[in-house]
Each structure stands twice: as structure tokens, then as C-alpha cells.
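The structure under discussion appears below in the form of C-alpha cells.
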Amino acid sequence: MNKDRIIRGIVFYTLAAIVFFSALEAAKFVYLLGSSKELYPISIFIFSLGYSTLLLLVSYSLGQKLLFEGSRSNKLFTIKRQSYQILGMLSLFTGLSVINVIILSEFTSGKLILSSLTDLCTLSLQYGVTTFIVTFIMLFVVMLINNMMVSRRKHN
């Protein structure tokens, strides 16, 4: 076994496990919201169902891509040309996960029944979008550094 493949497997399989765990948490939240005895406003229910569905779709497609990346067998730890799509999806996943944490904390504390849709949208935009932008910039820098290191290693 070569060292690059082991490192790639550790990185991508760990990321895939995090993605699938978050998808399970989103599905659990939809189940808890649907089976709750309280009557939530329809706008809160649709908002929660919408972001959870988006998180599940992003998690599914991102998990497939990460599992494919982890199973590649080439020697160099390069990131494919289509990695901007993966960067965007990872950033979106991170932003949606932050929104999931916010909504779950509101749900478990009992504040979700009293909050309005504007409160949830404000919290989501304030924290989720900021997390999306910061994550995208950080992953882009890491990808550039990784590709520069690989290209130097290739030329030596």
C-alpha cells in the first residue's frame, strides 16, 4: 500500500462519515418535527423541511463524490479538475450544518414554537452564509497549497 492512498483514504473516508452522520441528524430532525405534538406555524415547518431536504441532497451527492475520491488509486494526492464543485458543495454543506445546529437548538429549547420565520431566516443568513463563505475561502486556499506542493513534488 502506498502512503498517498492511505492518506487520501483517511481524509476522504473521514469526511464522508461526517457527511453521512449529518444527513442522519437532518433526517432525525424531520422525523422529530413531524411527530411532535405541538403545532408549529406552517412557515416554520416548510422552512425546516426545505433546508433539511437540501442538506440531505447535498449530503448524498457529496458523500458519493468523497467515497469515489477515497477509492482512487493514483500515486499523487491531487484534487481533480472538478474540485470547485466539491468545494462549493462542502461549503454549502458546512453552512447548512450550522443552520441545522441553530434550528435543532431552537427545537430542543422549545423556542421554535415561539420564533417567527424572520428570526430563523436572520439567524440562518447571519451564521450559515458567513460559514459558507469562510469555509469556501479556506478550502480554496488549502486546495491551491496542495496543488502547488504536488506540482513541485512532481517536477523534482
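The way I read the labels, and the way they are meant: chains A, B, ... in the order of the C-alpha cells, residue 1 as the first residue of every chain, and ligand 1 as the first ligand shown, with later ones counted on from there.
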Quick one: which range 6-62 of chain A residues come within 9 Å of range 84-100 of chain A, and what is the nearest atom pair for each with the distance in Å to one decimal, counting only C-alpha atoms, rows ordered by chain and ascending number, as a tab-separated table?
```
residue	atom	partner	partner_atom	distance
A:Val19	CA	A:Phe93	CA	8.0
A:Ser22	CA	A:Ser97	CA	7.1
A:Glu25	CA	A:Asn100	CA	8.5
A:Ala26	CA	A:Asn100	CA	7.1
A:Phe29	CA	A:Asn100	CA	8.7
A:Ser48	CA	A:Asn100	CA	8.7
A:Tyr51	CA	A:Leu96	CA	7.2
A:Ser52	CA	A:Asn100	CA	7.6
A:Leu54	CA	A:Leu96	CA	8.2
A:Leu55	CA	A:Leu96	CA	6.2
A:Val58	CA	A:Phe93	CA	6.5
A:Ser59	CA	A:Phe93	CA	7.0
A:Ser61	CA	A:Met89	CA	8.6
A:Leu62	CA	A:Met89	CA	6.7
```
Using only C-alpha atoms, determine which residues lie at most 9 Å from Phe12 in chain A, disregarding the query and same-chain residues fewer than 4 positions distant; provide the list as number ranges by chain. A: 7-8, 16-17, 66-71
Only N, CA and C atoms, please: the residues just picked out, written as a PDB file, in the first residue's frame.
```
ATOM      1  N   ILE A   7      -3.294   8.070   3.044  1.00  0.00           N
ATOM      2  CA  ILE A   7      -3.642   9.429   3.480  1.00  0.00           C
ATOM      3  C   ILE A   7      -4.935   9.875   2.829  1.00  0.00           C
ATOM      4  N   ARG A   8      -5.073   9.626   1.523  1.00  0.00           N
ATOM      5  CA  ARG A   8      -6.297  10.009   0.817  1.00  0.00           C
ATOM      6  C   ARG A   8      -7.503   9.294   1.404  1.00  0.00           C
ATOM      7  N   ALA A  16     -16.484  11.700   4.477  1.00  0.00           N
ATOM      8  CA  ALA A  16     -17.726  11.022   4.080  1.00  0.00           C
ATOM      9  C   ALA A  16     -18.515  10.568   5.304  1.00  0.00           C
ATOM     10  N   ALA A  17     -17.828  10.102   6.348  1.00  0.00           N
ATOM     11  CA  ALA A  17     -18.530   9.698   7.578  1.00  0.00           C
ATOM     12  C   ALA A  17     -19.209  10.898   8.235  1.00  0.00           C
ATOM     13  N   LEU A  66     -17.055  11.969  -2.325  1.00  0.00           N
ATOM     14  CA  LEU A  66     -15.973  11.714  -1.384  1.00  0.00           C
ATOM     15  C   LEU A  66     -15.590  10.237  -1.348  1.00  0.00           C
ATOM     16  N   LEU A  67     -16.576   9.351  -1.439  1.00  0.00           N
ATOM     17  CA  LEU A  67     -16.255   7.923  -1.474  1.00  0.00           C
ATOM     18  C   LEU A  67     -15.508   7.558  -2.748  1.00  0.00           C
ATOM     19  N   PHE A  68     -15.850   8.201  -3.868  1.00  0.00           N
ATOM     20  CA  PHE A  68     -15.118   7.968  -5.117  1.00  0.00           C
ATOM     21  C   PHE A  68     -13.686   8.473  -4.997  1.00  0.00           C
ATOM     22  N   GLU A  69     -13.501   9.655  -4.406  1.00  0.00           N
ATOM     23  CA  GLU A  69     -12.158  10.207  -4.233  1.00  0.00           C
ATOM     24  C   GLU A  69     -11.312   9.317  -3.329  1.00  0.00           C
ATOM     25  N   GLY A  70     -11.939   8.778  -2.283  1.00  0.00           N
ATOM     26  CA  GLY A  70     -11.189   7.927  -1.362  1.00  0.00           C
ATOM     27  C   GLY A  70     -10.745   6.618  -1.985  1.00  0.00           C
ATOM     28  N   SER A  71     -11.453   6.149  -3.010  1.00  0.00           N
ATOM     29  CA  SER A  71     -11.115   4.865  -3.620  1.00  0.00           C
ATOM     30  C   SER A  71     -10.191   4.988  -4.828  1.00  0.00           C
TER      31      SER A  71
END
```
Find the spatial neighbours of Leu49 in chain A, counting only C-alpha atoms, within a cut-off of 12 Å - ignore same-chain residues fewer than 6 positions away - and output them as a short mmCIF file (atom, residue, chain, number, x, y, z; two decimals) with C-alpha atoms, in the first residue's frame.
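The new file selection-v2.cif reads:
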```cif
data_model
loop_
_atom_site.label_atom_id
_atom_site.label_comp_id
_atom_site.auth_asym_id
_atom_site.auth_seq_id
_atom_site.Cartn_x
_atom_site.Cartn_y
_atom_site.Cartn_z
CA ALA A 26 -31.20 16.12 9.43
CA ALA A 27 -33.46 13.13 8.78
CA LYS A 28 -33.91 12.63 12.53
CA PHE A 29 -34.90 16.29 12.91
CA VAL A 30 -37.54 16.00 10.18
CA TYR A 31 -38.92 12.94 11.96
CA LEU A 32 -38.95 14.72 15.34
CA LEU A 33 -40.63 17.79 13.87
CA GLY A 34 -43.28 15.70 12.14
CA ILE A 42 -46.66 26.23 8.56
CA SER A 43 -43.91 28.67 7.52
CA LEU A 55 -28.99 19.16 3.39
CA LEU A 56 -29.94 15.56 2.59
CA ASN A 100 -29.12 22.62 11.33
CA ILE A 103 -32.64 25.03 14.31
#
```
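Computed from the coordinates, the CA of Ile44 in chain A to CA of Leu117 in chain A distance equals 5.8 Å.
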